[in-house]
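To be precise, the following lines are data_6.txt, and they hold compact mmCIF, C-alpha atoms.
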```
# COMPACT_ATOMS: atom_id res chain seq x y z
CA MET A 1047 0.00 0.00 0.00
CA ARG A 1048 1.03 3.63 -0.42
CA ALA A 1049 1.83 5.60 2.69
CA VAL A 1050 3.69 8.59 4.06
CA VAL A 1051 6.62 7.17 6.02
CA MET A 1052 8.68 8.89 8.70
CA ARG A 1053 12.20 7.74 7.90
CA ASN A 1054 15.40 9.23 9.32
CA ASN A 1055 13.48 12.30 10.57
CA GLN A 1056 12.09 12.93 7.10
CA LEU A 1057 8.76 12.22 5.45
CA VAL A 1058 8.79 10.15 2.28
CA VAL A 1059 6.06 8.60 0.15
CA ASP A 1060 6.67 4.90 -0.32
CA SER A 1061 5.03 1.51 -0.70
CA VAL A 1062 4.84 -0.54 2.50
CA SER A 1063 3.40 -3.92 3.44
CA GLU A 1064 -0.33 -4.07 4.01
CA PRO A 1065 -1.26 -4.75 7.65
CA THR A 1066 -2.92 -8.06 8.49
CA PRO A 1067 -5.63 -8.03 11.18
CA GLY A 1068 -5.00 -10.38 14.08
CA PRO A 1069 -7.47 -11.94 16.52
CA GLY A 1070 -10.27 -9.52 17.38
CA GLU A 1071 -9.03 -6.98 14.81
CA VAL A 1072 -10.47 -5.36 11.70
CA LEU A 1073 -8.77 -4.25 8.51
CA VAL A 1074 -9.96 -0.77 7.55
CA LYS A 1075 -9.42 1.62 4.66
CA THR A 1076 -8.44 5.12 5.79
CA ILE A 1077 -10.95 7.64 4.46
CA VAL A 1078 -9.43 10.71 6.05
CA CYS A 1079 -6.87 11.44 8.77
CA GLY A 1080 -5.94 14.73 10.44
CA ILE A 1081 -2.40 15.98 10.92
CA CYS A 1082 -1.79 16.58 14.63
CA GLY A 1083 0.65 18.97 16.26
CA THR A 1084 2.18 15.95 17.99
CA ASP A 1085 2.98 14.57 14.53
CA LEU A 1086 4.99 17.72 13.83
CA HIS A 1087 6.81 17.27 17.15
CA ALA A 1088 7.45 13.59 16.50
CA LEU A 1089 9.06 14.36 13.15
CA ARG A 1090 11.28 17.09 14.53
CA PHE A 1091 12.01 15.80 18.03
CA ALA A 1092 11.65 12.02 17.70
CA GLU A 1093 14.67 11.10 19.84
CA ALA A 1094 13.81 13.64 22.55
CA LEU A 1095 10.19 12.53 22.57
CA VAL A 1096 11.13 8.87 23.00
CA GLY A 1097 13.84 9.56 25.59
CA GLY A 1098 11.60 11.80 27.67
CA SER A 1099 8.78 9.28 27.48
CA ARG A 1100 11.01 6.47 28.71
CA ARG A 1101 12.24 8.51 31.67
CA SER A 1102 8.75 9.53 32.71
CA GLY A 1103 6.85 6.32 31.95
CA GLY A 1104 5.04 7.92 29.01
CA ILE A 1105 3.22 6.44 26.05
CA PHE A 1106 5.60 7.22 23.17
CA ALA A 1107 7.51 4.02 22.42
CA ILE A 1108 8.45 4.64 18.80
CA ASP A 1109 11.80 3.59 17.38
CA PRO A 1110 13.14 6.56 15.38
CA ASN A 1111 15.48 4.19 13.52
CA ARG A 1112 12.59 2.28 11.94
CA ASP A 1113 9.95 3.34 9.45
CA ILE A 1114 6.78 4.75 10.99
CA VAL A 1115 3.46 5.51 9.31
CA MET A 1116 1.92 8.24 11.48
CA GLY A 1117 -1.69 9.40 11.68
CA HIS A 1118 -4.06 8.93 14.63
CA GLU A 1119 -7.04 11.25 13.95
CA PHE A 1120 -9.07 9.23 11.48
CA CYS A 1121 -12.32 8.04 10.02
CA ALA A 1122 -12.10 4.73 8.18
CA GLU A 1123 -14.12 2.10 6.33
CA VAL A 1124 -14.37 -1.58 7.27
CA VAL A 1125 -12.69 -3.82 4.67
CA ASP A 1126 -12.17 -7.22 6.30
CA TYR A 1127 -12.09 -9.05 9.64
CA GLY A 1128 -9.41 -11.04 11.42
CA PRO A 1129 -10.00 -14.30 13.32
CA GLY A 1130 -12.12 -14.37 16.44
CA THR A 1131 -14.20 -11.30 15.53
CA ARG A 1132 -17.95 -10.85 15.86
CA LYS A 1133 -18.21 -9.04 12.51
CA ARG A 1134 -20.36 -6.36 14.13
CA PHE A 1135 -20.36 -4.10 11.07
CA ARG A 1136 -20.82 -4.91 7.43
CA VAL A 1137 -17.99 -4.29 5.01
CA GLY A 1138 -18.11 -0.65 3.87
CA THR A 1139 -19.32 0.72 7.23
CA ARG A 1140 -17.58 3.94 8.28
CA VAL A 1141 -16.06 3.88 11.75
CA CYS A 1142 -14.01 5.87 14.24
CA SER A 1143 -11.80 4.47 16.95
CA THR A 1144 -9.27 5.40 19.57
CA PRO A 1145 -5.82 5.04 17.96
CA SER A 1146 -4.81 1.91 19.84
CA LEU A 1147 -4.94 -1.86 19.53
CA SER A 1148 -6.21 -3.76 22.57
CA ARG A 1149 -4.15 -6.92 22.83
CA ALA A 1150 -3.52 -9.57 25.51
CA SER A 1151 -0.04 -8.13 26.05
CA GLY A 1152 -1.48 -4.63 26.55
CA ASP A 1153 -2.55 -1.68 24.46
CA GLU A 1154 -0.40 -0.73 21.47
CA GLY A 1155 -0.48 2.66 19.83
CA ILE A 1156 -1.46 3.29 16.22
CA GLY A 1157 0.48 5.88 14.26
CA TYR A 1158 3.42 6.02 16.68
CA SER A 1159 4.60 2.47 16.15
CA SER A 1160 6.72 0.70 13.57
CA GLU A 1161 4.37 -2.28 13.85
CA ASN A 1162 0.98 -0.54 13.62
CA PRO A 1163 0.63 1.87 10.69
CA GLY A 1164 -1.57 4.92 11.13
CA GLY A 1165 -3.86 6.94 8.93
CA PHE A 1166 -1.22 8.42 6.63
CA GLY A 1167 -1.40 5.06 4.84
CA GLU A 1168 -4.17 3.51 2.80
CA LEU A 1169 -4.96 0.70 5.26
CA MET A 1170 -4.89 0.18 9.04
CA ARG A 1171 -5.92 -2.47 11.54
CA LEU A 1172 -8.15 -1.60 14.49
CA THR A 1173 -9.61 -3.47 17.45
CA GLU A 1174 -13.20 -4.46 16.68
CA SER A 1175 -14.47 -3.71 20.19
CA ASN A 1176 -13.17 -0.13 19.95
CA LEU A 1177 -15.10 0.76 16.80
CA LEU A 1178 -17.82 3.43 16.77
CA GLU A 1179 -20.11 3.48 13.75
CA VAL A 1180 -20.33 6.80 11.92
CA PRO A 1181 -23.95 7.58 10.98
CA LYS A 1182 -24.75 8.51 7.39
CA GLU A 1183 -25.62 12.12 8.31
CA LEU A 1184 -22.14 12.76 9.75
CA SER A 1185 -19.34 13.57 7.32
CA SER A 1186 -16.11 11.60 7.49
CA ASP A 1187 -14.17 14.86 7.81
CA VAL A 1188 -15.97 15.90 10.97
CA ALA A 1189 -15.96 12.37 12.41
CA ALA A 1190 -12.17 12.32 12.10
CA LEU A 1191 -12.01 15.29 14.48
CA THR A 1192 -13.28 13.14 17.36
CA GLU A 1193 -9.73 12.37 18.49
CA PRO A 1194 -8.41 15.96 18.74
CA MET A 1195 -11.69 17.14 20.25
CA ALA A 1196 -11.41 14.45 22.91
CA VAL A 1197 -8.11 16.03 23.98
CA GLY A 1198 -9.91 19.30 24.72
CA PHE A 1199 -12.73 17.44 26.46
CA HIS A 1200 -10.20 15.75 28.74
CA ALA A 1201 -8.45 19.02 29.58
CA VAL A 1202 -11.72 20.72 30.52
CA THR A 1203 -12.70 17.72 32.61
CA LYS A 1204 -9.40 17.96 34.49
CA ALA A 1205 -10.13 21.65 35.22
CA ARG A 1206 -13.14 20.81 37.41
CA LEU A 1207 -14.82 24.09 36.52
CA GLU A 1208 -17.03 25.86 39.00
CA LYS A 1209 -20.08 27.87 38.01
CA ARG A 1210 -18.54 31.36 38.10
CA ASP A 1211 -15.09 30.50 36.76
CA VAL A 1212 -13.70 32.71 34.02
CA SER A 1213 -11.76 30.54 31.57
CA LEU A 1214 -8.73 31.88 29.71
CA VAL A 1215 -7.25 29.87 26.84
CA ILE A 1216 -3.66 30.77 25.94
CA GLY A 1217 -2.95 29.56 22.41
CA CYS A 1218 -5.66 28.91 19.82
CA GLY A 1219 -4.14 26.09 17.80
CA PRO A 1220 -6.14 22.86 17.40
CA VAL A 1221 -5.84 21.94 21.11
CA GLY A 1222 -6.82 25.42 22.28
CA LEU A 1223 -9.74 25.49 19.86
CA SER A 1224 -10.94 22.09 21.09
CA VAL A 1225 -10.78 23.40 24.65
CA ILE A 1226 -12.84 26.45 23.65
CA ALA A 1227 -15.44 24.30 21.90
CA THR A 1228 -15.74 22.06 24.95
CA LEU A 1229 -16.02 25.01 27.32
CA LYS A 1230 -18.84 26.36 25.15
CA LEU A 1231 -20.53 22.96 25.11
CA LYS A 1232 -20.44 22.81 28.91
CA GLY A 1233 -21.92 26.30 29.25
CA ALA A 1234 -18.81 27.95 30.67
CA ALA A 1235 -18.86 31.74 30.47
CA PRO A 1236 -17.15 33.93 29.80
CA ILE A 1237 -14.50 32.26 27.64
CA VAL A 1238 -11.45 34.43 26.93
CA ALA A 1239 -8.89 33.41 24.31
CA ALA A 1240 -5.48 34.83 23.42
CA ASP A 1241 -3.26 34.21 20.39
CA LEU A 1242 -0.82 36.17 18.27
CA SER A 1243 -2.44 34.93 15.04
CA LEU A 1244 -5.43 36.85 13.68
CA ARG A 1245 -6.66 33.75 11.86
CA ARG A 1246 -6.60 31.69 15.03
CA ARG A 1247 -8.39 34.41 16.96
CA GLU A 1248 -11.10 34.37 14.30
CA LEU A 1249 -11.43 30.61 14.66
CA ALA A 1250 -11.61 31.00 18.45
CA VAL A 1251 -14.70 33.18 18.03
CA GLN A 1252 -16.29 30.60 15.73
CA MET A 1253 -15.61 27.89 18.32
CA GLY A 1254 -17.33 29.91 21.06
CA ALA A 1255 -14.90 32.37 22.64
CA ASP A 1256 -16.65 35.44 24.09
CA LEU A 1257 -13.57 37.64 23.97
CA VAL A 1258 -10.36 37.27 21.95
CA ILE A 1259 -7.17 39.16 22.69
CA ASP A 1260 -3.98 39.87 20.82
CA PRO A 1261 -1.45 39.71 23.69
CA ARG A 1262 0.77 42.22 21.89
CA GLU A 1263 -1.96 44.82 22.40
CA LYS A 1264 -3.54 43.87 25.72
CA SER A 1265 -2.81 41.55 28.61
CA PRO A 1266 -5.19 38.57 28.66
CA TYR A 1267 -4.73 38.24 32.42
CA GLY A 1268 -6.60 41.43 33.28
CA VAL A 1269 -9.97 42.21 34.79
CA PHE A 1270 -13.15 41.55 32.79
CA GLN A 1271 -16.60 43.05 33.18
CA THR A 1272 -19.26 40.38 32.87
CA GLY A 1273 -22.76 40.04 34.23
CA GLY A 1274 -22.48 43.42 35.93
CA SER A 1275 -19.50 42.36 38.01
CA THR A 1276 -15.72 42.48 37.80
CA ARG A 1277 -14.00 39.13 37.44
CA GLN A 1278 -10.55 37.71 36.66
CA PRO A 1279 -9.51 34.43 35.08
CA ALA A 1280 -9.95 31.54 37.51
CA VAL A 1281 -8.85 28.76 35.12
CA ILE A 1282 -6.09 29.21 32.54
CA PHE A 1283 -5.50 26.61 29.83
CA GLU A 1284 -1.93 26.60 28.53
CA CYS A 1285 -2.15 25.36 24.93
CA VAL A 1286 1.12 26.65 23.48
CA GLY A 1287 3.92 24.34 24.62
CA VAL A 1288 6.98 26.59 24.38
CA PRO A 1289 9.63 27.24 27.06
CA GLY A 1290 8.76 30.13 29.35
CA ILE A 1291 5.00 30.13 28.84
CA ILE A 1292 4.16 28.39 32.15
CA ASP A 1293 6.42 30.81 34.03
CA GLU A 1294 4.73 33.74 32.28
CA ILE A 1295 1.28 32.44 33.19
CA MET A 1296 2.29 31.90 36.82
CA PHE A 1297 3.70 35.43 37.04
CA ASN A 1298 0.52 37.00 35.63
CA ALA A 1299 -2.18 34.70 36.99
CA PRO A 1300 -4.49 35.93 39.75
CA ARG A 1301 -4.32 34.28 43.15
CA ASP A 1302 -5.80 30.76 43.47
CA THR A 1303 -5.89 30.26 39.70
CA LYS A 1304 -6.01 26.74 38.28
CA ILE A 1305 -3.55 26.28 35.40
CA ILE A 1306 -4.23 23.37 33.04
CA VAL A 1307 -1.14 22.53 30.97
CA THR A 1308 -1.92 20.85 27.65
CA GLY A 1309 0.88 22.27 25.48
CA LEU A 1310 3.55 19.74 24.46
CA CYS A 1311 6.89 21.39 25.26
CA MET A 1312 9.87 19.41 23.99
CA GLU A 1313 12.53 21.30 25.92
CA ARG A 1314 13.46 21.72 29.57
CA ASP A 1315 11.79 24.70 31.17
CA ASN A 1316 12.25 26.91 34.21
CA MET A 1317 9.71 28.62 36.42
CA TYR A 1318 9.90 30.96 39.39
CA LEU A 1319 8.27 28.83 42.06
CA LEU A 1320 7.63 31.73 44.45
CA SER A 1321 4.98 32.95 42.01
CA GLY A 1322 3.11 29.72 42.58
CA LEU A 1323 3.70 29.65 46.31
CA HIS A 1324 2.68 33.24 46.99
CA LYS A 1325 -0.47 32.93 44.90
CA GLU A 1326 -1.24 29.33 45.88
CA LEU A 1327 -1.63 28.34 42.23
CA ASN A 1328 -2.88 24.91 41.23
CA ILE A 1329 -1.11 23.37 38.20
CA GLN A 1330 -2.69 20.36 36.49
CA PHE A 1331 -1.10 18.64 33.49
CA ALA A 1332 -3.45 17.01 30.96
CA LEU A 1333 -2.58 14.57 28.16
CA GLY A 1334 -4.81 12.55 25.89
CA TYR A 1335 -8.18 11.25 27.06
CA THR A 1336 -9.93 8.15 28.36
CA GLY A 1337 -11.94 5.76 26.24
CA TYR A 1338 -15.12 7.08 27.86
CA GLU A 1339 -14.15 10.67 27.01
CA PHE A 1340 -13.51 9.65 23.39
CA ALA A 1341 -16.95 8.03 23.21
CA ASP A 1342 -18.63 11.04 24.86
CA THR A 1343 -16.92 13.38 22.40
CA PHE A 1344 -18.05 11.25 19.46
CA HIS A 1345 -21.61 11.30 20.84
CA ASN A 1346 -21.57 15.11 21.11
CA ILE A 1347 -20.29 15.42 17.53
CA ARG A 1348 -22.85 12.92 16.24
CA LYS A 1349 -25.65 14.85 17.93
CA GLY A 1350 -24.50 18.11 16.34
CA LYS A 1351 -23.52 19.72 19.64
CA LEU A 1352 -20.12 20.74 18.28
CA ARG A 1353 -19.77 22.76 15.08
CA LEU A 1354 -16.38 21.74 13.80
CA GLU A 1355 -16.36 22.47 10.06
CA PRO A 1356 -14.45 25.78 10.51
CA LEU A 1357 -11.50 23.86 11.94
CA ILE A 1358 -10.88 22.10 8.62
CA THR A 1359 -8.70 24.50 6.65
CA GLY A 1360 -7.14 22.18 4.09
CA LYS A 1361 -7.08 18.74 2.48
CA VAL A 1362 -4.27 16.87 0.74
CA GLY A 1363 -3.55 13.47 -0.70
CA ILE A 1364 -0.54 11.39 0.27
CA ASP A 1365 1.68 13.34 -2.11
CA GLY A 1366 0.78 16.62 -0.39
CA VAL A 1367 1.58 15.62 3.19
CA VAL A 1368 5.18 16.88 3.21
CA GLU A 1369 4.08 20.34 2.09
CA ALA A 1370 1.18 20.26 4.58
CA PHE A 1371 3.61 19.64 7.45
CA GLU A 1372 5.62 22.67 6.33
CA GLU A 1373 2.51 24.86 6.15
CA LEU A 1374 1.37 23.79 9.61
CA GLY A 1375 4.68 24.97 11.00
CA SER A 1376 3.37 28.51 10.56
CA PRO A 1377 0.21 29.38 12.53
CA GLY A 1378 -1.02 32.13 10.24
CA HIS A 1379 -3.41 30.18 8.03
CA HIS A 1380 -4.25 26.59 8.97
CA ALA A 1381 -5.95 24.91 11.90
CA LYS A 1382 -6.46 21.32 10.73
CA ILE A 1383 -5.29 19.78 7.46
CA LEU A 1384 -6.85 16.43 6.58
CA VAL A 1385 -5.08 13.69 4.62
CA GLU A 1386 -7.08 11.61 2.15
CA PRO A 1387 -4.78 8.67 1.35
CA TRP A 1388 -6.79 7.45 -1.64
CA ARG A 1389 -7.02 10.89 -3.20
CA SER A 1390 -5.50 11.02 -6.68
```

Would you mind writing the structure in this file as structure tokens?
Amino acid sequence: MRAVVMRNNQLVVDSVSEPTPGPGEVLVKTIVCGICGTDLHALRFAEALVGGSRRSGGIFAIDPNRDIVMGHEFCAEVVDYGPGTRKRFRVGTRVCSTPSLSRASGDEGIGYSSENPGGFGELMRLTESNLLEVPKELSSDVAALTEPMAVGFHAVTKARLEKRDVSLVIGCGPVGLSVIATLKLKGAAPIVAADLSLRRRELAVQMGADLVIDPREKSPYGVFQTGGSTRQPAVIFECVGVPGIIDEIMFNAPRDTKIIVTGLCMERDNMYLLSGLHKELNIQFALGYTGYEFADTFHNIRKGKLRLEPLITGKVGIDGVVEAFEELGSPGHHAKILVEPWRS
């Protein structure tokens, strides 16, 4: 099959072996797969990502010296079944799934493994019991956004919002936008968002932000008038992932603020701990999601509770993935680029 392969820290288009579904697994045809910010990090910082994951007991177990077919935000079509399956869905059924294989030896990742190709290839194998059927009224493009939206759902869940909390989202890339959409879904108000990019601020409004700020012009940590009263941010979502941003947030955050860190920073960082001590700040790190959160997110999308079409800012075939990675390195235009592996 044709696929985009990460090889020696480069992306190349090549032919690779088709995956064979094992016991309890399904062979699927990738309809569409989103490019994630973590994919960009994995390409650029593969060794650091693996080394840091090993030291901390993390989930990234890729071997940078072997070929990897990335892609973990997908909607796919059932093609065939492996042994020991119930054949729950007819061939041709569209499905979503968490990007993992449930095996007797433990869960194995899809898209960050040399053994389990992801959605930047024409075919994948998935665990039958993890499949969620995509209804005919839901587009494959929007269904594929279940995975990144589940990340935002998880972060907001970790925040344990209270009724009068003012939420501030720092960084309006795909993760920040998924946080905003989830905050809106849960009825949080007001939602303040800050980003240097005009395009991303516009998308933040479409996702549900009540106020967007260019931090070059105004501090997003200030006082806001809402509901006839003066309020400050009580929960700050860090969705940038660059050195210094947590320290900046701690320095500017009001007392007793909850800081939810979702940005993937690939370098060591420093922070002035007295800021946190004096203000009694609460810092919560958030990564990924649970299977229940993935299913809940899919349910909300299926019921039309999340309007996600504005997030899709581009589509490419396999031959356009390398250029798409380069374009996503600049935040000025794109939010989510989708890969259609069978696109000519």

Residues near Gly1138 of chain A, anyone? I mean within 8 Å using only C-alpha atoms, not counting same-chain ones fewer than 4 positions away, as JSON, numbers by chain. {"A": [1123, 1124, 1125]}

Would you mind listing what lies within 6 Å of segment 1049-1059 of chain A as an mmCIF file with C-alpha atoms, keeping the file's coordinate frame, with all atoms listed in the file counted and same-chain residues fewer than 2 positions away left out?
```cif
data_model
loop_
_atom_site.group_PDB
_atom_site.id
_atom_site.type_symbol
_atom_site.label_atom_id
_atom_site.label_comp_id
_atom_site.auth_asym_id
_atom_site.auth_seq_id
_atom_site.Cartn_x
_atom_site.Cartn_y
_atom_site.Cartn_z
ATOM 1 C CA LEU A 1089 9.060 14.360 13.150
ATOM 2 C CA ASP A 1113 9.950 3.340 9.450
ATOM 3 C CA ILE A 1114 6.780 4.750 10.990
ATOM 4 C CA VAL A 1115 3.460 5.510 9.310
ATOM 5 C CA PHE A 1166 -1.220 8.420 6.630
ATOM 6 C CA GLY A 1167 -1.400 5.060 4.840
#
```

Per residue of segment 1184-1263 of chain A within 12 Å of segment 1282-1306 of chain A, record the nearest atom pair and its distance in Å to one decimal, counting all atoms listed in the file, with rows in chain order and ascending residue number, as JSON lines.
```
{"residue": "A:Val1197", "atom": "CA", "partner": "A:Cys1285", "partner_atom": "CA", "distance": 11.1}
{"residue": "A:Gly1198", "atom": "CA", "partner": "A:Cys1285", "partner_atom": "CA", "distance": 9.8}
{"residue": "A:His1200", "atom": "CA", "partner": "A:Ile1306", "partner_atom": "CA", "distance": 10.6}
{"residue": "A:Ala1201", "atom": "CA", "partner": "A:Ile1306", "partner_atom": "CA", "distance": 7.0}
{"residue": "A:Val1202", "atom": "CA", "partner": "A:Ile1306", "partner_atom": "CA", "distance": 8.3}
{"residue": "A:Thr1203", "atom": "CA", "partner": "A:Ile1306", "partner_atom": "CA", "distance": 10.2}
{"residue": "A:Lys1204", "atom": "CA", "partner": "A:Ile1306", "partner_atom": "CA", "distance": 7.6}
{"residue": "A:Ala1205", "atom": "CA", "partner": "A:Ile1306", "partner_atom": "CA", "distance": 6.5}
{"residue": "A:Arg1206", "atom": "CA", "partner": "A:Lys1304", "partner_atom": "CA", "distance": 9.3}
{"residue": "A:Leu1207", "atom": "CA", "partner": "A:Lys1304", "partner_atom": "CA", "distance": 9.4}
{"residue": "A:Glu1208", "atom": "CA", "partner": "A:Lys1304", "partner_atom": "CA", "distance": 11.1}
{"residue": "A:Asp1211", "atom": "CA", "partner": "A:Thr1303", "partner_atom": "CA", "distance": 9.7}
{"residue": "A:Val1212", "atom": "CA", "partner": "A:Ile1282", "partner_atom": "CA", "distance": 8.5}
{"residue": "A:Ser1213", "atom": "CA", "partner": "A:Ile1282", "partner_atom": "CA", "distance": 5.9}
{"residue": "A:Leu1214", "atom": "CA", "partner": "A:Ile1282", "partner_atom": "CA", "distance": 4.7}
{"residue": "A:Val1215", "atom": "CA", "partner": "A:Phe1283", "partner_atom": "CA", "distance": 4.8}
{"residue": "A:Ile1216", "atom": "CA", "partner": "A:Glu1284", "partner_atom": "CA", "distance": 5.2}
{"residue": "A:Gly1217", "atom": "CA", "partner": "A:Cys1285", "partner_atom": "CA", "distance": 5.0}
{"residue": "A:Cys1218", "atom": "CA", "partner": "A:Cys1285", "partner_atom": "CA", "distance": 7.1}
{"residue": "A:Gly1219", "atom": "CA", "partner": "A:Cys1285", "partner_atom": "CA", "distance": 7.4}
{"residue": "A:Pro1220", "atom": "CA", "partner": "A:Cys1285", "partner_atom": "CA", "distance": 8.9}
{"residue": "A:Val1221", "atom": "CA", "partner": "A:Cys1285", "partner_atom": "CA", "distance": 6.3}
{"residue": "A:Gly1222", "atom": "CA", "partner": "A:Cys1285", "partner_atom": "CA", "distance": 5.4}
{"residue": "A:Leu1223", "atom": "CA", "partner": "A:Cys1285", "partner_atom": "CA", "distance": 9.1}
{"residue": "A:Ser1224", "atom": "CA", "partner": "A:Cys1285", "partner_atom": "CA", "distance": 10.1}
{"residue": "A:Val1225", "atom": "CA", "partner": "A:Phe1283", "partner_atom": "CA", "distance": 8.1}
{"residue": "A:Ile1226", "atom": "CA", "partner": "A:Phe1283", "partner_atom": "CA", "distance": 9.6}
{"residue": "A:Leu1229", "atom": "CA", "partner": "A:Phe1283", "partner_atom": "CA", "distance": 10.9}
{"residue": "A:Ile1237", "atom": "CA", "partner": "A:Ile1282", "partner_atom": "CA", "distance": 10.2}
{"residue": "A:Val1238", "atom": "CA", "partner": "A:Ile1282", "partner_atom": "CA", "distance": 9.4}
{"residue": "A:Ala1239", "atom": "CA", "partner": "A:Phe1283", "partner_atom": "CA", "distance": 9.4}
{"residue": "A:Ala1240", "atom": "CA", "partner": "A:Cys1285", "partner_atom": "CA", "distance": 10.2}
{"residue": "A:Asp1241", "atom": "CA", "partner": "A:Val1286", "partner_atom": "CA", "distance": 9.3}
{"residue": "A:Leu1242", "atom": "CA", "partner": "A:Val1286", "partner_atom": "CA", "distance": 11.0}
```

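Here atom CA of Ala1332 of chain A and atom CA of Thr1308 of chain A stand 5.3 Å from one another.
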
For the point (-18.3, 35.4, 22.8) in the file's frame, write as number ranges by chain all residues with an atom no more than 9 Å away, counting only C-alpha atoms. A: 1235-1238, 1251-1252, 1254-1258

Work out how far atom CA of Phe1331 of chain A is from atom CA of Asn1162 of chain A, in Å to one decimal. 27.7 Å

I'd like the contact shell of Tyr1127 of chain A - 8 Å cut-off, all atoms listed in the file, skipping same-chain residues fewer than 4 positions apart - returned as a tab-separated table (two decimals) with C-alpha atoms, in the frame of the given file.
```tsv
chain	number	residue	atom	x	y	z
A	1067	PRO	CA	-5.63	-8.03	11.18
A	1070	GLY	CA	-10.27	-9.52	17.38
A	1071	GLU	CA	-9.03	-6.98	14.81
A	1072	VAL	CA	-10.47	-5.36	11.70
A	1073	LEU	CA	-8.77	-4.25	8.51
A	1131	THR	CA	-14.20	-11.30	15.53
A	1133	LYS	CA	-18.21	-9.04	12.51
```

Find, counting only C-alpha atoms, the residue in A:Met1312, A:Met1317, A:Val1307, A:Met1195 that gets nearest to Glu1093 of chain A.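 When distances to Glu1093 of chain A are compared using only C-alpha atoms, the smallest one comes from A:Met1312.
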
Provide the atom CA of Asp1365 of chain A to atom CA of Asp1060 of chain A distance in Å, to one decimal place. 10.0 Å

Residues of segment 1178-1271 of chain A that approach segment 1344-1353 of chain A to 12 Å or less, counting all atoms listed in the file: could you list each one with the shortest pair of atoms and its distance in Å to one decimal, rows by chain and increasing residue number, as a tab-separated table?
```
residue	atom	partner	partner_atom	distance
A:Leu1178	CA	A:Phe1344	CA	8.3
A:Glu1179	CA	A:Phe1344	CA	9.9
A:Val1180	CA	A:Arg1348	CA	7.9
A:Pro1181	CA	A:Arg1348	CA	7.6
A:Lys1182	CA	A:Arg1348	CA	10.1
A:Glu1183	CA	A:Arg1348	CA	8.4
A:Leu1184	CA	A:Arg1348	CA	6.5
A:Ser1185	CA	A:Arg1348	CA	9.6
A:Ser1186	CA	A:Arg1348	CA	11.1
A:Asp1187	CA	A:Ile1347	CA	11.5
A:Val1188	CA	A:Ile1347	CA	7.9
A:Ala1189	CA	A:Ile1347	CA	7.4
A:Ala1190	CA	A:Phe1344	CA	9.5
A:Leu1191	CA	A:Phe1344	CA	8.8
A:Thr1192	CA	A:Phe1344	CA	5.5
A:Glu1193	CA	A:Phe1344	CA	8.5
A:Pro1194	CA	A:Phe1344	CA	10.8
A:Met1195	CA	A:Phe1344	CA	8.7
A:Ala1196	CA	A:Phe1344	CA	8.1
A:Val1197	CA	A:Phe1344	CA	11.9
A:Phe1199	CA	A:Asn1346	CA	10.6
A:Leu1223	CA	A:Arg1353	CA	11.4
A:Ser1224	CA	A:Leu1352	CA	9.7
A:Val1225	CA	A:Leu1352	CA	11.6
A:Ile1226	CA	A:Leu1352	CA	10.7
A:Ala1227	CA	A:Leu1352	CA	6.9
A:Thr1228	CA	A:Leu1352	CA	8.1
A:Leu1229	CA	A:Leu1352	CA	10.8
A:Lys1230	CA	A:Leu1352	CA	9.0
A:Leu1231	CA	A:Lys1351	CA	7.0
A:Lys1232	CA	A:Lys1351	CA	10.2
A:Gly1233	CA	A:Lys1351	CA	11.8
A:Leu1249	CA	A:Arg1353	CA	11.5
A:Val1251	CA	A:Arg1353	CA	12.0
A:Gln1252	CA	A:Arg1353	CA	8.6
A:Met1253	CA	A:Arg1353	CA	7.4
A:Gly1254	CA	A:Arg1353	CA	9.6
```

Considering all atoms listed in the file, can you say which of A:Lys1361, A:Lys1075, A:His1118, A:His1087 comes closest to Cys1311 of chain A?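 Nearest candidate to Cys1311 of chain A out of A:Lys1361, A:Lys1075, A:His1118, A:His1087: A:His1087.
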
Among the residues A:Ala1250, A:Ser1243, A:Gln1278, A:Ala1341, the one that comes closest to Arg1262 of chain A [using all atoms listed in the file]: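 Going through A:Ala1250, A:Ser1243, A:Gln1278, A:Ala1341 one by one, the smallest distance to Arg1262 of chain A is for A:Ser1243.
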
Of the candidates A:Ser1159, A:Thr1066, A:Ser1061, A:Thr1084, which one gets nearest to Leu1374 of chain A if we count all atoms listed in the file?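 Looking only at the distances to Leu1374 of chain A, the closest residue turns out to be A:Thr1084.
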
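Residues surrounding segment 1144-1157 of chain A within 7 Å are Val1115, Met1116, Gly1117, His1118, Asn1162, Pro1163, Gly1164, Gly1165, Leu1172, Thr1173 and Asn1176 of chain A [all atoms listed in the file; sequence separation below 4 positions excluded].
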
With only C-alpha atoms as the atoms that count, which of A:Leu1327, A:Asp1260, A:Val1281, A:Leu1086 lies nearest to Val1368 of chain A?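 Ranking A:Leu1327, A:Asp1260, A:Val1281, A:Leu1086 by distance to Val1368 of chain A, first place goes to A:Leu1086.
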
Using all atoms listed in the file, find the one residue out of A:Cys1082, A:Val1074, A:Cys1121, A:Leu1169 that sits nearest to Val1062 of chain A.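 The answer is A:Leu1169, which sits nearest to Val1062 of chain A.
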